[in-house]
Amino acid sequence: MLFLYPSSPAGSSSETMDTSVSQNSRPGGAPQVVEDEIDQYLIKQDGKIYRNRDQQLCRHGPLGKCVHCVPLEPFDEDYLNHLEPPVKHMSFHAYIRKLTGGADKGKFVALENISCKIKSGCEGHPPWPEGICTKCQPSAITLNRQKYRHVDNIMFENHTIADRFLDFWRKTGNQHLGYLYGRYTEHKDIPLGIRAEVAAIYEPPQIGTQNSLEILEDPKAEVVDEIAAKLGLRKVGWIFTDLVSEDTRKGTVRYSRNKDTYFLSAEECITAGNFQNQQPNICRLSPDGHFGSKFVTVVATGGPDNQVHFEGYQVSNQCMALVRDECLLPCRDAPELGYAKESSSEQYVPDVFYKDIDKFGNEITQLARPLPVEYLIIDITTTFPKDPVYTFSISQNPFPIENRDVLGETQDFHSLATYLSQNTSSIFLDIISDFHLLLFLVTNEVMPLRDSISLLLEAVRTKNEELAQTWKKSEQWATIEQLCSTVGVPLPGLQEYGAMGGSSHAVAAAMWPCQHCTFMNQPGTDHCEMCSLPRS
């Protein structure tokens, strides 16, 4: 069983009822928001499923249409069920088309957000727990399996991304966690579908054991998001391992997550709901300006063949609301069960129900104490492409990943010098296009380049070697090389990569590094400007 400890409370998001409005209008009072590019693109698409003329059943001419060949709507359940594999959840934009496809075009429908809290401002009685009325009391919640999902597919650009992440578990046996950075694109296998493409994994500070994970506060989180945005990426999800080695000689792992146990534990559902609340999905059709989340969860765990499998999930919008309003708890001894809190003098909790089938085959309503978490989970197919894609270059000797000090893998100028000495490509863009290297250049404490690396990030984003060559000739890169030269690792390309095309000797004559604090000082000074110690 994997326990997760979020380092911060849930952000502002909300749970959602199954309602919507017309695509071309906003509900009254809805704020002006800018939706994601993929949402703006899919709104403009036709979305219908076109079929060819059936030679046996169609009795009309080539220009006619009948029930056997007329285009289907993107939410057609019979079509989705006959796909291979069958699709249990329609896409979110197909769901919107379904709600707005009637005669009224969704005029009287709105994407309302459910709240589990007492409405404020009711003056007819004392505040809770002394009083409550039907106007301020939140409605009871009956959990339903969500019919749609905000993301329909998760795709890692290449196997190297996942392999480097798994290396931590292979070397330590401890579980590990990372944040997925990538982009949202169209998933053409499902009508109006959305795919989360993963280009890199950032590993935050954490404490991992063989059966637990604790997420620590990350002082670099804001900078990482900023650099990713300049690279055309965003945080699209999170990934964690739940692996137990079964046979080290065969390289097999234990198959522990299945229909007889659980797919996600209650605590993992709560953690996923917390992350999804922090990353709400911007939606102009909601009065609150947000609706659900596109943030995904990936579990690296053992499959039926005892090999490592990657399983993708989201939690439902109802789960997001229960987590946001602190109404859902995990069970200590049953990871597959959650527990809806009971009302107390500090907090009113609405009744939470779910529907089940009894031993006689009758549908009954049960109080969610406890609650099977399968009512809260939405599964998402996780894939790797046949033709790998590389947003960042792949090296035989990659730059170390951040926050892996427990493995003896540190990010410092010695590791940077080693990386540069082992990668001697004549194409500078190939050398510098490493997500973890770029983060180190921005976040290192000796010479952070946060304010002077925008040109390089643009070069990496657009794969422009000319822009990369321009940045390579800057004083910042020359200083980085001089810092690398002080650690005793020879750089074969130092003269070539010198600032403004000059030699390494010219650069060394211009600036000198302090032997005590490594600060790069201007020529003509005998004392370090940073620590005031003598030059020699």
# chains A, B, ... in the order shown; residues from 1 in each chain; ligands from 1
>>> residues_around(residues="segment 318-320 of chain A", least_positions_apart="2", cutoff="6 Å", atoms="only C-alpha atoms", output="list in words")
Glu15, Gly273, Ser316, Leu322, Val323, Arg324 and Leu376 of chain A
>>> write_last_selection(atoms="all heavy atoms", output="PDB file, in the first residue's frame")
ATOM      1  N   GLU A  15     -16.344  21.148  -7.717  1.00  0.00           N
ATOM      2  CA  GLU A  15     -16.927  19.949  -8.265  1.00  0.00           C
ATOM      3  C   GLU A  15     -18.064  20.341  -9.162  1.00  0.00           C
ATOM      4  O   GLU A  15     -18.576  21.418  -9.134  1.00  0.00           O
ATOM      5  CB  GLU A  15     -17.329  19.102  -7.085  1.00  0.00           C
ATOM      6  CG  GLU A  15     -18.421  18.100  -7.193  1.00  0.00           C
ATOM      7  CD  GLU A  15     -18.543  17.449  -8.498  1.00  0.00           C
ATOM      8  OE1 GLU A  15     -17.614  17.020  -9.112  1.00  0.00           O
ATOM      9  OE2 GLU A  15     -19.623  17.392  -8.973  1.00  0.00           O
ATOM     10  N   GLY A 273      -7.030  14.198  -6.229  1.00  0.00           N
ATOM     11  CA  GLY A 273      -8.032  15.258  -6.175  1.00  0.00           C
ATOM     12  C   GLY A 273      -7.438  16.581  -5.740  1.00  0.00           C
ATOM     13  O   GLY A 273      -7.812  17.652  -6.240  1.00  0.00           O
ATOM     14  N   SER A 316     -12.923  11.756 -10.402  1.00  0.00           N
ATOM     15  CA  SER A 316     -14.095  12.462 -10.913  1.00  0.00           C
ATOM     16  C   SER A 316     -14.206  13.854 -10.307  1.00  0.00           C
ATOM     17  O   SER A 316     -13.575  14.176  -9.301  1.00  0.00           O
ATOM     18  CB  SER A 316     -15.358  11.659 -10.606  1.00  0.00           C
ATOM     19  OG  SER A 316     -15.589  11.622  -9.202  1.00  0.00           O
ATOM     20  N   LEU A 322     -15.297  16.740  -2.944  1.00  0.00           N
ATOM     21  CA  LEU A 322     -15.185  16.170  -1.602  1.00  0.00           C
ATOM     22  C   LEU A 322     -13.804  16.427  -1.010  1.00  0.00           C
ATOM     23  O   LEU A 322     -13.666  16.693   0.184  1.00  0.00           O
ATOM     24  CB  LEU A 322     -15.456  14.663  -1.658  1.00  0.00           C
ATOM     25  CG  LEU A 322     -16.885  14.242  -2.036  1.00  0.00           C
ATOM     26  CD1 LEU A 322     -16.967  12.734  -2.193  1.00  0.00           C
ATOM     27  CD2 LEU A 322     -17.879  14.722  -0.989  1.00  0.00           C
ATOM     28  N   VAL A 323     -12.773  16.360  -1.858  1.00  0.00           N
ATOM     29  CA  VAL A 323     -11.413  16.612  -1.377  1.00  0.00           C
ATOM     30  C   VAL A 323     -11.225  18.091  -1.074  1.00  0.00           C
ATOM     31  O   VAL A 323     -10.647  18.463  -0.046  1.00  0.00           O
ATOM     32  CB  VAL A 323     -10.386  16.129  -2.419  1.00  0.00           C
ATOM     33  CG1 VAL A 323      -8.981  16.566  -2.027  1.00  0.00           C
ATOM     34  CG2 VAL A 323     -10.449  14.619  -2.559  1.00  0.00           C
ATOM     35  N   ARG A 324     -11.713  18.941  -1.957  1.00  0.00           N
ATOM     36  CA  ARG A 324     -11.536  20.383  -1.764  1.00  0.00           C
ATOM     37  C   ARG A 324     -12.173  20.867  -0.470  1.00  0.00           C
ATOM     38  O   ARG A 324     -11.605  21.688   0.247  1.00  0.00           O
ATOM     39  CB  ARG A 324     -12.141  21.140  -2.951  1.00  0.00           C
ATOM     40  CG  ARG A 324     -11.930  22.656  -2.917  1.00  0.00           C
ATOM     41  CD  ARG A 324     -12.889  23.369  -3.843  1.00  0.00           C
ATOM     42  NE  ARG A 324     -14.263  23.227  -3.416  1.00  0.00           N
ATOM     43  CZ  ARG A 324     -15.224  22.662  -4.142  1.00  0.00           C
ATOM     44  NH1 ARG A 324     -14.950  22.144  -5.329  1.00  0.00           N
ATOM     45  NH2 ARG A 324     -16.458  22.580  -3.685  1.00  0.00           N
ATOM     46  N   LEU A 376     -15.048   6.863  -7.790  1.00  0.00           N
ATOM     47  CA  LEU A 376     -14.370   8.151  -7.945  1.00  0.00           C
ATOM     48  C   LEU A 376     -13.329   8.139  -9.053  1.00  0.00           C
ATOM     49  O   LEU A 376     -12.768   9.184  -9.381  1.00  0.00           O
ATOM     50  CB  LEU A 376     -13.676   8.535  -6.628  1.00  0.00           C
ATOM     51  CG  LEU A 376     -14.521   8.449  -5.356  1.00  0.00           C
ATOM     52  CD1 LEU A 376     -13.649   8.748  -4.138  1.00  0.00           C
ATOM     53  CD2 LEU A 376     -15.698   9.406  -5.423  1.00  0.00           C
TER      54      LEU A 376
END
>>> residues_around(residues="Thr443 of chain A", least_positions_apart="4", cutoff="9 Å", atoms="only C-alpha atoms", output="JSON, numbers by chain")
{"A": [220, 223, 224, 438, 439, 447, 448, 449, 450]}
>>> atom_distance(atom1="atom CA of Phe413 of chain A", atom2="atom CA of Ile453 of chain A")
17.3 Å
>>> atom_distance(atom1="atom CA of Ile114 of chain A", atom2="atom CA of Ala334 of chain A")
27.9 Å
>>> select_by_dssp(residues="segment 132-355 of chain A", states="strand (DSSP E or B)", output="count of residues only")
84
>>> residues_around(residues="Ile427 of chain A", least_positions_apart="6", cutoff="10 Å", atoms="only C-alpha atoms", output="ChimeraX atom specification")
/A:465,468-469
